[in-house]
Amino acid sequence: MYVDNIDLVKSIVTRHFTVSDVYLDAGILSFRVYDEDIKEKFRNLYKELKQYDLIPTATKEDGRVLVRVFPKPRVELPIPRSRALPLILFIATLGTISIDGYLRSSTTVYEIITGKTGFIDRFLDGLLFAVALIAIIGIHELGHKISARIDYMESSPPYFIPGIPTMIPTFGALIFQKSPIINRDDMFDIGVSGPIAGFLVSIGVLFTSFMTARWIPATEYEVIVNQVAREGGLLLPSPLIFYLARPL
């Protein structure tokens, strides 16, 4: 219990900080400390107290830093607790993206561009599309999770969200935070790590696509534009990075 660990908590906190006062505030062990630059000291304190299922907080009150130590709260995720659920959702999402890729490769426009009409070709292209998209989303989430682990923050495995083929084949994925973030630096690191990781994978997918793509002449492009219009489709502008990567 928390009360039984008071002496232990005192010894840990005083090992990391210069303490001026110790008291119980509504049953919570609180420490006023002299230290001003507490970033690394607090990180080390957090790491050590975590082993005892305790969580520290640090605030500034009346010009002095106040460190409080709380029992680690029990986190209930807003989804059913099941070890199999992340895998089930991953397989379902892989399925919806693969179906979406197959259906997109079954259009007349796709046949005009690639000349492929067989079931195997369409199936393989749909699967390749799914692997590429899952890799981008999965590495994005993995970037968040690795950064969280580096910063001593507990998090759930990624939960992929299947979508609707031909419309939105996946709604992405999400990870649930299971412990507090230590400071704003860690919040920034965790937040930015996912987009950077996903972007790097998307660059790899982009160059792989460029190297394996069939480039069409302008006259054939006009045929494709007209066919897209007949099918009620819409050609979206190419991202800027396409134009930057093409000369390479």
# chains A, B, ... in the order shown; residues from 1 in each chain; ligands from 1
call {"tool": "residues_around", "arguments": {"residues": "Leu49 of chain A", "least_positions_apart": "3", "cutoff": "12 Å", "atoms": "only C-alpha atoms", "output": "list in words"}}
result
Tyr2, Asn5, Ile6, Leu8, Val9, Lys10, Ser11, Ile12, Val13, Arg15, His16, Phe42, Arg43, Asn44, Leu45, Tyr46, Tyr52, Asp53, Leu54, Ile55, Pro56, Thr57, Arg68, Val69, Phe70, Pro71, Lys72 and Tyr152 of chain A
call {"tool": "write_last_selection", "arguments": {"atoms": "C-alpha atoms", "output": "PDB file, in the first residue's frame"}}
result
ATOM      1  CA  TYR A   2       1.004   3.653  -0.527  1.00  0.00           C
ATOM      2  CA  ASN A   5       5.930   3.037   1.286  1.00  0.00           C
ATOM      3  CA  ILE A   6       6.282   6.513   2.801  1.00  0.00           C
ATOM      4  CA  LEU A   8      10.817   4.439   0.712  1.00  0.00           C
ATOM      5  CA  VAL A   9       9.273   7.325  -1.227  1.00  0.00           C
ATOM      6  CA  LYS A  10      11.065   9.866   0.971  1.00  0.00           C
ATOM      7  CA  SER A  11      14.414   8.205   0.398  1.00  0.00           C
ATOM      8  CA  ILE A  12      13.889   8.098  -3.371  1.00  0.00           C
ATOM      9  CA  VAL A  13      12.764  11.721  -3.690  1.00  0.00           C
ATOM     10  CA  ARG A  15      18.050  11.134  -3.549  1.00  0.00           C
ATOM     11  CA  HIS A  16      17.037  13.126  -6.616  1.00  0.00           C
ATOM     12  CA  PHE A  42      12.240  14.547 -12.497  1.00  0.00           C
ATOM     13  CA  ARG A  43      12.662  12.100 -15.380  1.00  0.00           C
ATOM     14  CA  ASN A  44      14.960   9.918 -13.257  1.00  0.00           C
ATOM     15  CA  LEU A  45      12.552  10.165 -10.318  1.00  0.00           C
ATOM     16  CA  TYR A  46       9.650   9.131 -12.538  1.00  0.00           C
ATOM     17  CA  TYR A  52       6.783   0.760  -7.301  1.00  0.00           C
ATOM     18  CA  ASP A  53       3.563   1.679  -9.160  1.00  0.00           C
ATOM     19  CA  LEU A  54       3.889   5.308  -8.090  1.00  0.00           C
ATOM     20  CA  ILE A  55       3.572   8.418 -10.252  1.00  0.00           C
ATOM     21  CA  PRO A  56       5.180  11.801  -9.391  1.00  0.00           C
ATOM     22  CA  THR A  57       3.942  15.219 -10.483  1.00  0.00           C
ATOM     23  CA  ARG A  68       3.711  15.116  -5.215  1.00  0.00           C
ATOM     24  CA  VAL A  69       3.718  11.323  -5.368  1.00  0.00           C
ATOM     25  CA  PHE A  70       0.509   9.464  -6.224  1.00  0.00           C
ATOM     26  CA  PRO A  71      -0.383   5.785  -6.444  1.00  0.00           C
ATOM     27  CA  LYS A  72      -0.421   4.764 -10.085  1.00  0.00           C
ATOM     28  CA  TYR A 152       8.919   5.450 -20.155  1.00  0.00           C
TER      29      TYR A 152
END
call {"tool": "residues_around", "arguments": {"residues": "Leu235 of chain A", "least_positions_apart": "6", "cutoff": "12 Å", "atoms": "only C-alpha atoms", "output": "CSV table (one decimal) with C-alpha atoms, in the first residue's frame"}}
result
chain,number,residue,atom,x,y,z
A,109,VAL,CA,-9.0,3.0,-66.4
A,221,TYR,CA,-3.4,10.4,-70.8
A,222,GLU,CA,-6.2,12.2,-72.6
A,224,ILE,CA,-7.6,8.1,-69.5
A,225,VAL,CA,-9.0,11.5,-68.5
A,226,ASN,CA,-12.1,11.0,-70.8
A,227,GLN,CA,-12.6,7.4,-69.4
A,228,VAL,CA,-12.5,8.7,-65.8
A,229,ALA,CA,-15.1,11.3,-66.7
call {"tool": "residues_around", "arguments": {"residues": "Ser179 of chain A", "least_positions_apart": "4", "cutoff": "8 Å", "atoms": "only C-alpha atoms", "output": "PyMOL selection string"}}
result
chain A and resi 75+153-155
call {"tool": "atom_distance", "arguments": {"atom1": "atom CA of Ile139 of chain A", "atom2": "atom CA of Gly198 of chain A"}}
result
5.5 Å
call {"tool": "residues_around", "arguments": {"residues": "Tyr159 of chain A", "least_positions_apart": "5", "cutoff": "9 Å", "atoms": "only C-alpha atoms", "output": "ChimeraX atom specification"}}
result
/A:85-87,89-90,172-176
call {"tool": "closest_atom_pairs", "arguments": {"of": "segment 199-233 of chain A", "to": "segment 112-115 of chain A", "cutoff": "9 Å", "atoms": "only C-alpha atoms", "output": "CSV"}}
result
residue,atom,partner,partner_atom,distance
A:Ala213,CA,A:Thr114,CA,8.8
A:Arg214,CA,A:Thr114,CA,6.9
A:Trp215,CA,A:Ile113,CA,8.6
A:Ile216,CA,A:Ile113,CA,7.4
A:Glu220,CA,A:Ile113,CA,8.5
A:Tyr221,CA,A:Ile113,CA,8.8
A:Val223,CA,A:Ile112,CA,8.6
A:Ile224,CA,A:Ile112,CA,7.2
call {"tool": "residues_around", "arguments": {"residues": "segment 99-105 of chain A", "least_positions_apart": "3", "cutoff": "7 Å", "atoms": "only C-alpha atoms", "output": "list in words"}}
result
Gly95, Thr96, Tyr110, Arg122, Phe123, Asp125, Gly126, Leu127, Phe129, Ala130, Pro165, Thr166 and Pro169 of chain A
call {"tool": "closest_residue", "arguments": {"among": "A:Ser193, A:Ser106, A:Ser82, A:Ser202", "to": "Ile241 of chain A", "atoms": "only C-alpha atoms"}}
result
A:Ser202
call {"tool": "select_by_dssp", "arguments": {"residues": "segment 29-157 of chain A", "states": "helix (DSSP H, G or I)", "output": "PyMOL selection string"}}
result
chain A and resi 39-50+85-104+108-114+119-150
call {"tool": "atom_distance", "arguments": {"atom1": "atom CA of Arg246 of chain A", "atom2": "atom CA of Phe210 of chain A"}}
result
7.6 Å
call {"tool": "atom_distance", "arguments": {"atom1": "atom CA of Ala132 of chain A", "atom2": "atom CA of Thr93 of chain A"}}
result
12.7 Å
call {"tool": "residues_around", "arguments": {"residues": "Gly143 of chain A", "least_positions_apart": "4", "cutoff": "9 Å", "atoms": "only C-alpha atoms", "output": "tab-separated table (two decimals) with C-alpha atoms, in the first residue's frame"}}
result
chain	number	residue	atom	x	y	z
A	138	GLY	CA	1.61	0.77	-39.13
A	139	ILE	CA	5.06	2.40	-39.07
A	147	SER	CA	8.96	7.03	-28.74
A	148	ALA	CA	6.56	6.36	-25.86
A	190	ILE	CA	5.76	11.23	-29.11
A	192	VAL	CA	6.05	14.08	-34.04
A	193	SER	CA	7.65	10.62	-34.19
A	194	GLY	CA	4.64	8.98	-35.83
A	195	PRO	CA	4.24	11.40	-38.76
A	196	ILE	CA	7.99	11.39	-39.44
A	197	ALA	CA	8.18	7.57	-39.42
A	198	GLY	CA	5.11	7.27	-41.65
call {"tool": "residues_around", "arguments": {"residues": "Val22 of chain A", "least_positions_apart": "2", "cutoff": "7 Å", "atoms": "only C-alpha atoms", "output": "list in words"}}
result
Ser30, Phe31 and Arg32 of chain A
call {"tool": "select_by_dssp", "arguments": {"residues": "segment 13-190 of chain A", "states": "strand (DSSP E or B)", "output": "PDB file with C-alpha atoms, in the first residue's frame"}}
result
ATOM      1  CA  VAL A  19      14.076  18.812  -0.195  1.00  0.00           C
ATOM      2  CA  SER A  20      13.120  21.703   2.081  1.00  0.00           C
ATOM      3  CA  ASP A  21       9.839  20.359   3.442  1.00  0.00           C
ATOM      4  CA  VAL A  22       7.856  17.124   3.469  1.00  0.00           C
ATOM      5  CA  TYR A  23       4.188  16.817   4.405  1.00  0.00           C
ATOM      6  CA  LEU A  24       0.975  14.938   3.686  1.00  0.00           C
ATOM      7  CA  ASP A  25      -1.600  16.915   1.726  1.00  0.00           C
ATOM      8  CA  ILE A  28      -0.683  12.621  -0.718  1.00  0.00           C
ATOM      9  CA  LEU A  29       3.017  12.785   0.129  1.00  0.00           C
ATOM     10  CA  SER A  30       4.293  16.205  -0.982  1.00  0.00           C
ATOM     11  CA  PHE A  31       7.813  17.636  -1.179  1.00  0.00           C
ATOM     12  CA  ARG A  32       8.886  21.256  -1.498  1.00  0.00           C
ATOM     13  CA  VAL A  33      12.274  21.322  -3.174  1.00  0.00           C
ATOM     14  CA  LEU A  54       3.889   5.308  -8.090  1.00  0.00           C
ATOM     15  CA  ILE A  55       3.572   8.418 -10.252  1.00  0.00           C
ATOM     16  CA  PRO A  56       5.180  11.801  -9.391  1.00  0.00           C
ATOM     17  CA  THR A  57       3.942  15.219 -10.483  1.00  0.00           C
ATOM     18  CA  ALA A  58       5.758  18.552 -10.325  1.00  0.00           C
ATOM     19  CA  THR A  59       4.158  21.995 -10.154  1.00  0.00           C
ATOM     20  CA  LYS A  60       5.354  25.455  -9.232  1.00  0.00           C
ATOM     21  CA  GLU A  61       3.538  27.064  -6.310  1.00  0.00           C
ATOM     22  CA  ARG A  64       8.873  26.911  -5.381  1.00  0.00           C
ATOM     23  CA  VAL A  65       8.698  23.502  -7.015  1.00  0.00           C
ATOM     24  CA  LEU A  66       6.259  21.106  -5.353  1.00  0.00           C
ATOM     25  CA  VAL A  67       6.641  17.387  -6.051  1.00  0.00           C
ATOM     26  CA  ARG A  68       3.711  15.116  -5.215  1.00  0.00           C
ATOM     27  CA  VAL A  69       3.718  11.323  -5.368  1.00  0.00           C
ATOM     28  CA  PHE A  70       0.509   9.464  -6.224  1.00  0.00           C
ATOM     29  CA  PRO A  71      -0.383   5.785  -6.444  1.00  0.00           C
ATOM     30  CA  SER A 155       0.780   2.480 -24.340  1.00  0.00           C
ATOM     31  CA  TYR A 159      -5.732  -0.795 -33.093  1.00  0.00           C
ATOM     32  CA  PHE A 160      -6.330  -0.641 -36.842  1.00  0.00           C
ATOM     33  CA  ILE A 161      -9.761   0.546 -37.964  1.00  0.00           C
ATOM     34  CA  PRO A 162     -11.204  -1.179 -41.054  1.00  0.00           C
ATOM     35  CA  GLY A 163     -13.143   0.986 -43.475  1.00  0.00           C
ATOM     36  CA  ILE A 164     -15.358   0.663 -46.527  1.00  0.00           C
ATOM     37  CA  ILE A 168     -12.358   4.834 -47.377  1.00  0.00           C
ATOM     38  CA  PRO A 169     -10.753   1.373 -46.998  1.00  0.00           C
ATOM     39  CA  THR A 170      -9.341   2.208 -43.569  1.00  0.00           C
ATOM     40  CA  PHE A 171      -9.838   4.905 -40.970  1.00  0.00           C
ATOM     41  CA  GLY A 172      -6.224   4.527 -39.850  1.00  0.00           C
ATOM     42  CA  ALA A 173      -5.185   3.252 -36.446  1.00  0.00           C
ATOM     43  CA  LEU A 174      -4.889   4.492 -32.904  1.00  0.00           C
ATOM     44  CA  GLN A 177      -1.990   6.114 -23.652  1.00  0.00           C
TER      45      GLN A 177
END
call {"tool": "closest_residue", "arguments": {"among": "A:His144, A:Pro157, A:Ala84, A:Val205", "to": "Asp186 of chain A", "atoms": "only C-alpha atoms"}}
result
A:His144
call {"tool": "decode", "arguments": {"residues": "segment 117-212 of chain A", "atoms": "C-alpha atoms", "output": "mmCIF file, in the first residue's frame"}}
result
data_model
loop_
_atom_site.group_PDB
_atom_site.id
_atom_site.type_symbol
_atom_site.label_atom_id
_atom_site.label_comp_id
_atom_site.auth_asym_id
_atom_site.auth_seq_id
_atom_site.Cartn_x
_atom_site.Cartn_y
_atom_site.Cartn_z
ATOM 1 C CA THR A 117 -7.051 -7.981 -67.041
ATOM 2 C CA GLY A 118 -6.429 -11.280 -65.234
ATOM 3 C CA PHE A 119 -7.700 -12.125 -61.748
ATOM 4 C CA ILE A 120 -4.212 -12.977 -60.439
ATOM 5 C CA ASP A 121 -2.779 -9.646 -61.605
ATOM 6 C CA ARG A 122 -5.617 -7.740 -59.964
ATOM 7 C CA PHE A 123 -5.373 -9.771 -56.780
ATOM 8 C CA LEU A 124 -1.607 -9.249 -56.485
ATOM 9 C CA ASP A 125 -1.888 -5.530 -57.202
ATOM 10 C CA GLY A 126 -4.650 -5.217 -54.609
ATOM 11 C CA LEU A 127 -2.514 -7.049 -52.061
ATOM 12 C CA LEU A 128 0.515 -4.884 -52.883
ATOM 13 C CA PHE A 129 -1.633 -1.782 -52.434
ATOM 14 C CA ALA A 130 -2.769 -3.088 -49.028
ATOM 15 C CA VAL A 131 0.766 -3.893 -47.873
ATOM 16 C CA ALA A 132 2.011 -0.429 -48.866
ATOM 17 C CA LEU A 133 -0.836 1.384 -47.103
ATOM 18 C CA ILE A 134 -0.660 -0.824 -44.002
ATOM 19 C CA ALA A 135 3.105 -0.237 -43.849
ATOM 20 C CA ILE A 136 2.660 3.545 -43.879
ATOM 21 C CA ILE A 137 -0.042 3.500 -41.198
ATOM 22 C CA GLY A 138 1.613 0.772 -39.128
ATOM 23 C CA ILE A 139 5.057 2.404 -39.073
ATOM 24 C CA HIS A 140 3.373 5.700 -38.201
ATOM 25 C CA GLU A 141 1.829 4.099 -35.115
ATOM 26 C CA LEU A 142 5.025 2.184 -34.365
ATOM 27 C CA GLY A 143 6.884 5.505 -34.330
ATOM 28 C CA HIS A 144 4.528 6.755 -31.605
ATOM 29 C CA LYS A 145 4.905 3.536 -29.627
ATOM 30 C CA ILE A 146 8.708 3.379 -29.794
ATOM 31 C CA SER A 147 8.962 7.026 -28.744
ATOM 32 C CA ALA A 148 6.561 6.362 -25.858
ATOM 33 C CA ARG A 149 8.647 3.390 -24.718
ATOM 34 C CA ILE A 150 11.842 5.471 -24.859
ATOM 35 C CA ASP A 151 10.126 8.079 -22.679
ATOM 36 C CA TYR A 152 8.919 5.450 -20.155
ATOM 37 C CA MET A 153 5.269 5.865 -21.130
ATOM 38 C CA GLU A 154 3.044 2.808 -21.325
ATOM 39 C CA SER A 155 0.780 2.480 -24.340
ATOM 40 C CA SER A 156 -1.491 -0.068 -25.956
ATOM 41 C CA PRO A 157 -0.720 -1.935 -29.187
ATOM 42 C CA PRO A 158 -2.065 -0.216 -32.330
ATOM 43 C CA TYR A 159 -5.732 -0.795 -33.093
ATOM 44 C CA PHE A 160 -6.330 -0.641 -36.842
ATOM 45 C CA ILE A 161 -9.761 0.546 -37.964
ATOM 46 C CA PRO A 162 -11.204 -1.179 -41.054
ATOM 47 C CA GLY A 163 -13.143 0.986 -43.475
ATOM 48 C CA ILE A 164 -15.358 0.663 -46.527
ATOM 49 C CA PRO A 165 -13.815 -0.593 -49.796
ATOM 50 C CA THR A 166 -14.081 1.821 -52.786
ATOM 51 C CA MET A 167 -14.708 4.701 -50.377
ATOM 52 C CA ILE A 168 -12.358 4.834 -47.377
ATOM 53 C CA PRO A 169 -10.753 1.373 -46.998
ATOM 54 C CA THR A 170 -9.341 2.208 -43.569
ATOM 55 C CA PHE A 171 -9.838 4.905 -40.970
ATOM 56 C CA GLY A 172 -6.224 4.527 -39.850
ATOM 57 C CA ALA A 173 -5.185 3.252 -36.446
ATOM 58 C CA LEU A 174 -4.889 4.492 -32.904
ATOM 59 C CA ILE A 175 -2.888 3.821 -29.758
ATOM 60 C CA PHE A 176 -4.167 4.386 -26.226
ATOM 61 C CA GLN A 177 -1.990 6.114 -23.652
ATOM 62 C CA LYS A 178 -1.807 4.114 -20.408
ATOM 63 C CA SER A 179 0.427 6.336 -18.273
ATOM 64 C CA PRO A 180 1.097 10.087 -17.945
ATOM 65 C CA ILE A 181 3.551 11.915 -20.183
ATOM 66 C CA ILE A 182 6.535 13.165 -18.183
ATOM 67 C CA ASN A 183 6.910 16.625 -19.741
ATOM 68 C CA ARG A 184 6.166 18.726 -22.825
ATOM 69 C CA ASP A 185 9.387 17.637 -24.529
ATOM 70 C CA ASP A 186 8.232 14.026 -24.405
ATOM 71 C CA MET A 187 4.773 15.059 -25.603
ATOM 72 C CA PHE A 188 6.389 16.695 -28.631
ATOM 73 C CA ASP A 189 8.653 13.694 -29.283
ATOM 74 C CA ILE A 190 5.762 11.231 -29.109
ATOM 75 C CA GLY A 191 3.545 13.431 -31.260
ATOM 76 C CA VAL A 192 6.050 14.079 -34.041
ATOM 77 C CA SER A 193 7.654 10.620 -34.187
ATOM 78 C CA GLY A 194 4.636 8.976 -35.830
ATOM 79 C CA PRO A 195 4.237 11.397 -38.761
ATOM 80 C CA ILE A 196 7.991 11.389 -39.436
ATOM 81 C CA ALA A 197 8.177 7.573 -39.419
ATOM 82 C CA GLY A 198 5.107 7.265 -41.645
ATOM 83 C CA PHE A 199 6.416 9.936 -44.031
ATOM 84 C CA LEU A 200 9.737 8.125 -44.457
ATOM 85 C CA VAL A 201 7.916 4.908 -45.351
ATOM 86 C CA SER A 202 5.684 6.799 -47.789
ATOM 87 C CA ILE A 203 8.826 8.137 -49.502
ATOM 88 C CA GLY A 204 10.018 4.543 -49.937
ATOM 89 C CA VAL A 205 6.625 3.560 -51.367
ATOM 90 C CA LEU A 206 6.730 6.586 -53.677
ATOM 91 C CA PHE A 207 10.131 5.747 -55.169
ATOM 92 C CA THR A 208 9.226 2.058 -55.500
ATOM 93 C CA SER A 209 6.076 3.063 -57.370
ATOM 94 C CA PHE A 210 7.973 5.433 -59.644
ATOM 95 C CA MET A 211 10.556 2.783 -60.515
ATOM 96 C CA THR A 212 7.953 0.117 -61.311
#
